[in-house]
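A short write-up of the structure that comes next.
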There are 2 protein chains.
Amino acid sequence: MKDYVFGIDVGGTTIKCGLFQADGTLLEKWEIPTRTENNGDQILPDVAKTVLKKIKEKGIAKEDVAGVGIDLPGPVNEKGEIAVAVNLNWGYKDIVAELGGALGGIPVKAANDANAAALGEMWGGGGRGTKNLIMVTLGTGVGGGIIVDGKIVAGAHGAGGEIGHACVDPTETAVCNCGNRGCLEQMASATGIVRLAKRYLATYQGKTMLNPERISAKSVYDALKAGDEAATAIVEEVSAYLGNALAMFACVVDPEVIVIGGGVSKAGEILVDGVKKYYRRDAFISCKETPIVLAELGNDAGIYGAAKLALG
Amino acid sequence: MKDYVFGIDVGGTTIKCGLFQADGTLLEKWEIPTRTENNGDQILPDVAKTVLKKIKEKGIAKEDVAGVGIDLPGPVNEKGEIAVAVNLNWGYKDIVAELGGALGGIPVKAANDANAAALGEMWGGGGRGTKNLIMVTLGTGVGGGIIVDGKIVAGAHGAGGEIGHACVDPTETAVCNCGNRGCLEQMASATGIVRLAKRYLATYQGKTMLNPERISAKSVYDALKAGDEAATAIVEEVSAYLGNALAMFACVVDPEVIVIGGGVSKAGEILVDGVKKYYRRDAFISCKETPIVLAELGNDAGIYGAAKLALG
């Protein structure tokens, strides 16, 4: 019986590991450091070691492990090859071959981390019970993942779900990290919200509890909750960009649910309410009532999604 | 041997039928009228009759028919149910059950017509050799279809690929047929181009060969080819909307190719060039070089796609 599955979420400083039952029950989670020195050549061997050690420790028969899923911070194609991972000091790697070899033949599947998080939220989070979803992750940047028929849309260049770089305002003059201008990430990430807030406050004449010198996405949403007029205007702008973009994306894949995660989403339902207002305005009639919900798994979304990936 | 497959494309006035070999060779095509009277209750029986007649006429054994694919002008879900088809005077119908019954057990698959056209272009048209594409159809309206891993993305409400109703300009005041404001269809369909042209010419002071009283999408592109200054400006506006929207959609599914079809696309490469300019400006770096090509199958895209659908 293929009762067990591992989900591994590789970040730039920590590798999160989860041992799951095939039904989605998380049995144990732990972390190991990400050793990025020497072009990160110990990262996959370290993953193999910790997995094999856990199998031994738990007395699990190797043939009872359905597989090991792993997600990585970079573009991963459907075959499990990564083109580059700047945060790991990696160039090209064939993850499935390298990790599979080190694991002595346990099946391996690999995906991009944001895509895995979307799959995780489908399996055990805000999108539970669905097979088609859009996830948007509002953190330092804006990430995303698209699930169609229960599977990650990896895309022709591993760029499926790269919705943070949808150009939502071609008139924007500031340049995004990606080199383009007007990306959703420049409007709705934690740093993007700060940018819009500073821009707004530079000409705002009224009273506000926001201090342009010490502003954060959290302080903007906190001020909104306190009824601050400037914060209200700033969040309207953020929500309009995000709600309109999600409505456009919904025309493409018509998801069952839209899940919003990432650090910014800790603002809670007030954030969702703002996005919904503009989503409902702009969405195609068939999609207007598509639920928009908060992610539920937080930092565990990656290990859930990686494990689900390995289950197929 | 399942050597044969039928592709049926149901429109409001004509039903196009194609008999294909399983390798994609079109053996014969023909048309029958669409009888929309009596709530269109003869449409599916007519389809069954013409297919069975063709099987008999050709001396094909029923067991050599892989299936019958059919596309329809309305939202069709993955199970092959249509919610409504205004042009056929239909409400809900279970296409697979009804047509399959009338065909005496030959397997039936059903899809939306725009989605089937996208699949057709993948099988035998501008997207040949790919498994992931975005098709946009610029006709009286703007339709679309999304193919991921060789399959139509039907969506949770049959609205997958409804990219004509992506809200590309929330500041637009005119109302789209769908009830929203600022849809891509209002900018890049044949009627949308005429609308933008009239709006532009209303304040244009220079010389132009365009006559606001007798304008068409074709006349705009013809004037562009002749170097007309107003037509150039109008097409820039259309191209900016379309190129930006396609770049946003590419962030969602990262296709191998983008195919542009429909009557407006008869303008040819000059239309593609305009779209490419803004697509390349706004697309995420990984997707900037994604080919944008003209559709090749014209009115046959539907029968090709329906046949491919039946092959699975």
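Within each chain, counting starts at residue 1; across the structure tokens, chains are named A, B, ... in the order shown, with ligands numbered 1 upward in that order.
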Return as number ranges by chain the full set of residues in range 69-200 of chain A whose backbone-based DSSP assignment is strand (DSSP E). A: 69-72, 81-82, 93-94, 108-112, 133-138, 142-148, 151-152
Selection: 12 Å around Lys225 in chain A, only C-alpha atoms, excl. self and same-chain fewer than 2 positions, as number ranges by chain: A: 209, 218-223, 227-232, 235, 267-271, 274
Taking only range 80-288 of chain B into account, list the residues labelled alpha helix (DSSP H) by DSSP (computed from the backbone), as a PyMOL selection string. chain B and resi 95-102+113-124+185-188+190-203+217-225+229-253+269-282
Selected residues written out, C-alpha atoms, as a short mmCIF file (atom, residue, chain, number, x, y, z; two decimals), in the first residue's frame:
```cif
data_model
loop_
_atom_site.label_atom_id
_atom_site.label_comp_id
_atom_site.auth_asym_id
_atom_site.auth_seq_id
_atom_site.Cartn_x
_atom_site.Cartn_y
_atom_site.Cartn_z
CA ILE B 95 -25.63 16.71 -25.42
CA VAL B 96 -23.62 13.59 -24.74
CA ALA B 97 -26.66 11.61 -23.59
CA GLU B 98 -29.08 12.89 -26.27
CA LEU B 99 -26.80 12.68 -29.28
CA GLY B 100 -25.12 9.50 -28.04
CA GLY B 101 -28.52 7.85 -27.72
CA ALA B 102 -29.55 8.88 -31.23
CA ASP B 113 -17.62 26.42 -30.36
CA ALA B 114 -14.86 28.92 -29.61
CA ASN B 115 -13.05 26.35 -27.46
CA ALA B 116 -13.40 23.75 -30.21
CA ALA B 117 -11.94 26.20 -32.74
CA ALA B 118 -8.89 26.60 -30.49
CA LEU B 119 -8.49 22.83 -30.31
CA GLY B 120 -8.89 22.64 -34.09
CA GLU B 121 -6.12 25.17 -34.67
CA MET B 122 -3.93 23.10 -32.35
CA TRP B 123 -4.68 19.90 -34.25
CA GLY B 124 -4.45 21.12 -37.82
CA GLU B 185 -14.81 42.77 -27.18
CA GLN B 186 -15.67 46.49 -27.10
CA MET B 187 -12.16 47.31 -28.33
CA ALA B 188 -10.98 44.55 -30.64
CA ALA B 190 -15.10 44.11 -35.74
CA THR B 191 -17.79 46.23 -34.12
CA GLY B 192 -15.39 47.37 -31.39
CA ILE B 193 -12.86 48.59 -33.93
CA VAL B 194 -15.59 50.54 -35.72
CA ARG B 195 -16.62 52.04 -32.38
CA LEU B 196 -13.07 53.14 -31.54
CA ALA B 197 -12.62 54.45 -35.09
CA LYS B 198 -15.76 56.59 -34.91
CA ARG B 199 -14.74 57.88 -31.52
CA TYR B 200 -11.29 58.78 -32.83
CA LEU B 201 -12.56 60.41 -36.02
CA ALA B 202 -15.10 62.52 -34.10
CA THR B 203 -12.27 64.76 -32.90
CA ALA B 217 -12.78 46.91 -39.40
CA LYS B 218 -11.63 45.98 -42.90
CA SER B 219 -11.68 49.59 -44.09
CA VAL B 220 -9.59 50.61 -41.06
CA TYR B 221 -6.92 47.98 -41.79
CA ASP B 222 -7.04 48.76 -45.53
CA ALA B 223 -6.45 52.43 -44.72
CA LEU B 224 -3.59 51.44 -42.41
CA LYS B 225 -1.98 49.50 -45.27
CA GLU B 229 -2.58 58.53 -40.33
CA ALA B 230 -5.93 58.22 -38.57
CA ALA B 231 -6.15 54.49 -39.30
CA THR B 232 -2.64 54.09 -37.89
CA ALA B 233 -3.68 55.77 -34.64
CA ILE B 234 -6.87 53.71 -34.40
CA VAL B 235 -5.05 50.43 -34.97
CA GLU B 236 -2.44 51.42 -32.37
CA GLU B 237 -5.24 51.78 -29.85
CA VAL B 238 -6.80 48.44 -30.78
CA SER B 239 -3.39 46.74 -30.76
CA ALA B 240 -2.48 48.17 -27.37
CA TYR B 241 -5.65 46.78 -25.79
CA LEU B 242 -5.24 43.40 -27.44
CA GLY B 243 -1.48 43.07 -26.95
CA ASN B 244 -1.70 44.07 -23.29
CA ALA B 245 -4.59 41.68 -22.65
CA LEU B 246 -2.82 38.76 -24.35
CA ALA B 247 0.31 39.49 -22.30
CA MET B 248 -1.80 39.31 -19.13
CA PHE B 249 -3.41 36.05 -20.25
CA ALA B 250 0.04 34.63 -21.02
CA CYS B 251 1.00 35.16 -17.36
CA VAL B 252 -1.84 32.82 -16.44
CA VAL B 253 -1.24 29.83 -18.72
CA GLU B 269 0.30 39.99 -40.75
CA ILE B 270 -0.13 43.74 -40.28
CA LEU B 271 -2.66 42.96 -37.56
CA VAL B 272 -0.31 40.47 -35.91
CA ASP B 273 2.55 43.00 -36.07
CA GLY B 274 0.47 45.58 -34.21
CA VAL B 275 -0.51 43.13 -31.49
CA LYS B 276 3.06 41.84 -31.14
CA LYS B 277 4.38 45.34 -30.49
CA TYR B 278 2.30 45.73 -27.33
CA TYR B 279 2.43 42.06 -26.36
CA ARG B 280 6.25 42.17 -26.35
CA ARG B 281 6.18 45.40 -24.33
CA ASP B 282 3.94 43.98 -21.59
#
```
Residues of chain B within 6 Å of chain A, counting only C-alpha atoms, as a PyMOL selection string: chain B and resi 155-156+159-163+165-167+248+251-256+282+284
Go ahead and save the picked residues with N, CA and C atoms, as a tab-separated table (two decimals), in the first residue's frame.
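Saved file again.tsv follows:
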```tsv
chain	number	residue	atom	x	y	z
B	155	GLY	N	-13.63	25.31	-17.84
B	155	GLY	CA	-13.94	26.21	-16.73
B	155	GLY	C	-15.10	25.74	-15.89
B	156	ALA	N	-15.18	26.31	-14.68
B	156	ALA	CA	-16.17	25.89	-13.70
B	156	ALA	C	-17.60	26.20	-14.13
B	159	ALA	N	-17.08	28.93	-18.81
B	159	ALA	CA	-16.63	30.25	-19.27
B	159	ALA	C	-15.11	30.31	-19.47
B	160	GLY	N	-14.45	29.16	-19.48
B	160	GLY	CA	-13.02	29.15	-19.80
B	160	GLY	C	-12.82	29.71	-21.20
B	161	GLY	N	-11.83	30.57	-21.35
B	161	GLY	CA	-11.55	31.16	-22.65
B	161	GLY	C	-12.48	32.29	-23.07
B	162	GLU	N	-13.31	32.77	-22.15
B	162	GLU	CA	-14.22	33.89	-22.49
B	162	GLU	C	-13.45	35.21	-22.42
B	163	ILE	N	-12.34	35.26	-23.13
B	163	ILE	CA	-11.43	36.39	-22.99
B	163	ILE	C	-11.95	37.66	-23.65
B	165	HIS	N	-14.49	38.99	-22.81
B	165	HIS	CA	-15.11	39.76	-21.72
B	165	HIS	C	-14.16	40.05	-20.57
B	166	ALA	N	-12.87	39.97	-20.87
B	166	ALA	CA	-11.89	40.51	-19.93
B	166	ALA	C	-12.05	42.02	-19.93
B	167	CYS	N	-12.11	42.59	-18.75
B	167	CYS	CA	-12.30	44.04	-18.63
B	167	CYS	C	-10.95	44.73	-18.79
B	248	MET	N	-1.27	39.68	-20.46
B	248	MET	CA	-1.80	39.31	-19.13
B	248	MET	C	-2.26	37.86	-19.12
B	251	CYS	N	0.52	35.36	-18.73
B	251	CYS	CA	1.00	35.16	-17.36
B	251	CYS	C	0.21	34.07	-16.65
B	252	VAL	N	-0.99	33.82	-17.08
B	252	VAL	CA	-1.84	32.82	-16.44
B	252	VAL	C	-1.44	31.42	-16.90
B	253	VAL	N	-1.44	31.20	-18.22
B	253	VAL	CA	-1.24	29.83	-18.72
B	253	VAL	C	0.06	29.62	-19.49
B	254	ASP	N	0.82	30.70	-19.76
B	254	ASP	CA	2.12	30.58	-20.43
B	254	ASP	C	2.05	29.62	-21.63
B	255	PRO	N	1.34	30.05	-22.69
B	255	PRO	CA	1.12	29.13	-23.82
B	255	PRO	C	2.37	28.99	-24.71
B	256	GLU	N	2.36	27.95	-25.54
B	256	GLU	CA	3.44	27.80	-26.53
B	256	GLU	C	3.23	28.73	-27.70
B	282	ASP	N	4.57	44.27	-22.88
B	282	ASP	CA	3.94	43.98	-21.59
B	282	ASP	C	4.13	42.56	-21.09
B	284	PHE	N	5.58	39.08	-19.61
B	284	PHE	CA	6.61	38.66	-18.66
B	284	PHE	C	7.80	38.13	-19.47
```
note - CA of Leu311 in chain B and CA of Gly150 in chain B are separated by 11.4 Å
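The two atoms in question, CA of Tyr4 in chain A and CA of Glu81 in chain A, are spaced 24.2 Å apart.
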In Å, rounded to a single decimal, give me how far CA of Lys308 in chain B is from CA of Val108 in chain B. 11.6 Å
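Of the residues listed (B:Gly263, B:Gly127, B:Gly59, B:Pro73), B:Gly127 shows the shortest atom-to-atom separation from Pro291 in chain B; distances use only C-alpha atoms.
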Please list as a VMD selection string every residue within 9 Å of Ala83 in chain B, counting only C-alpha atoms and excluding residues in the same chain fewer than 2 positions away. chain B and resid 74 to 77 81 85 90 to 94 158
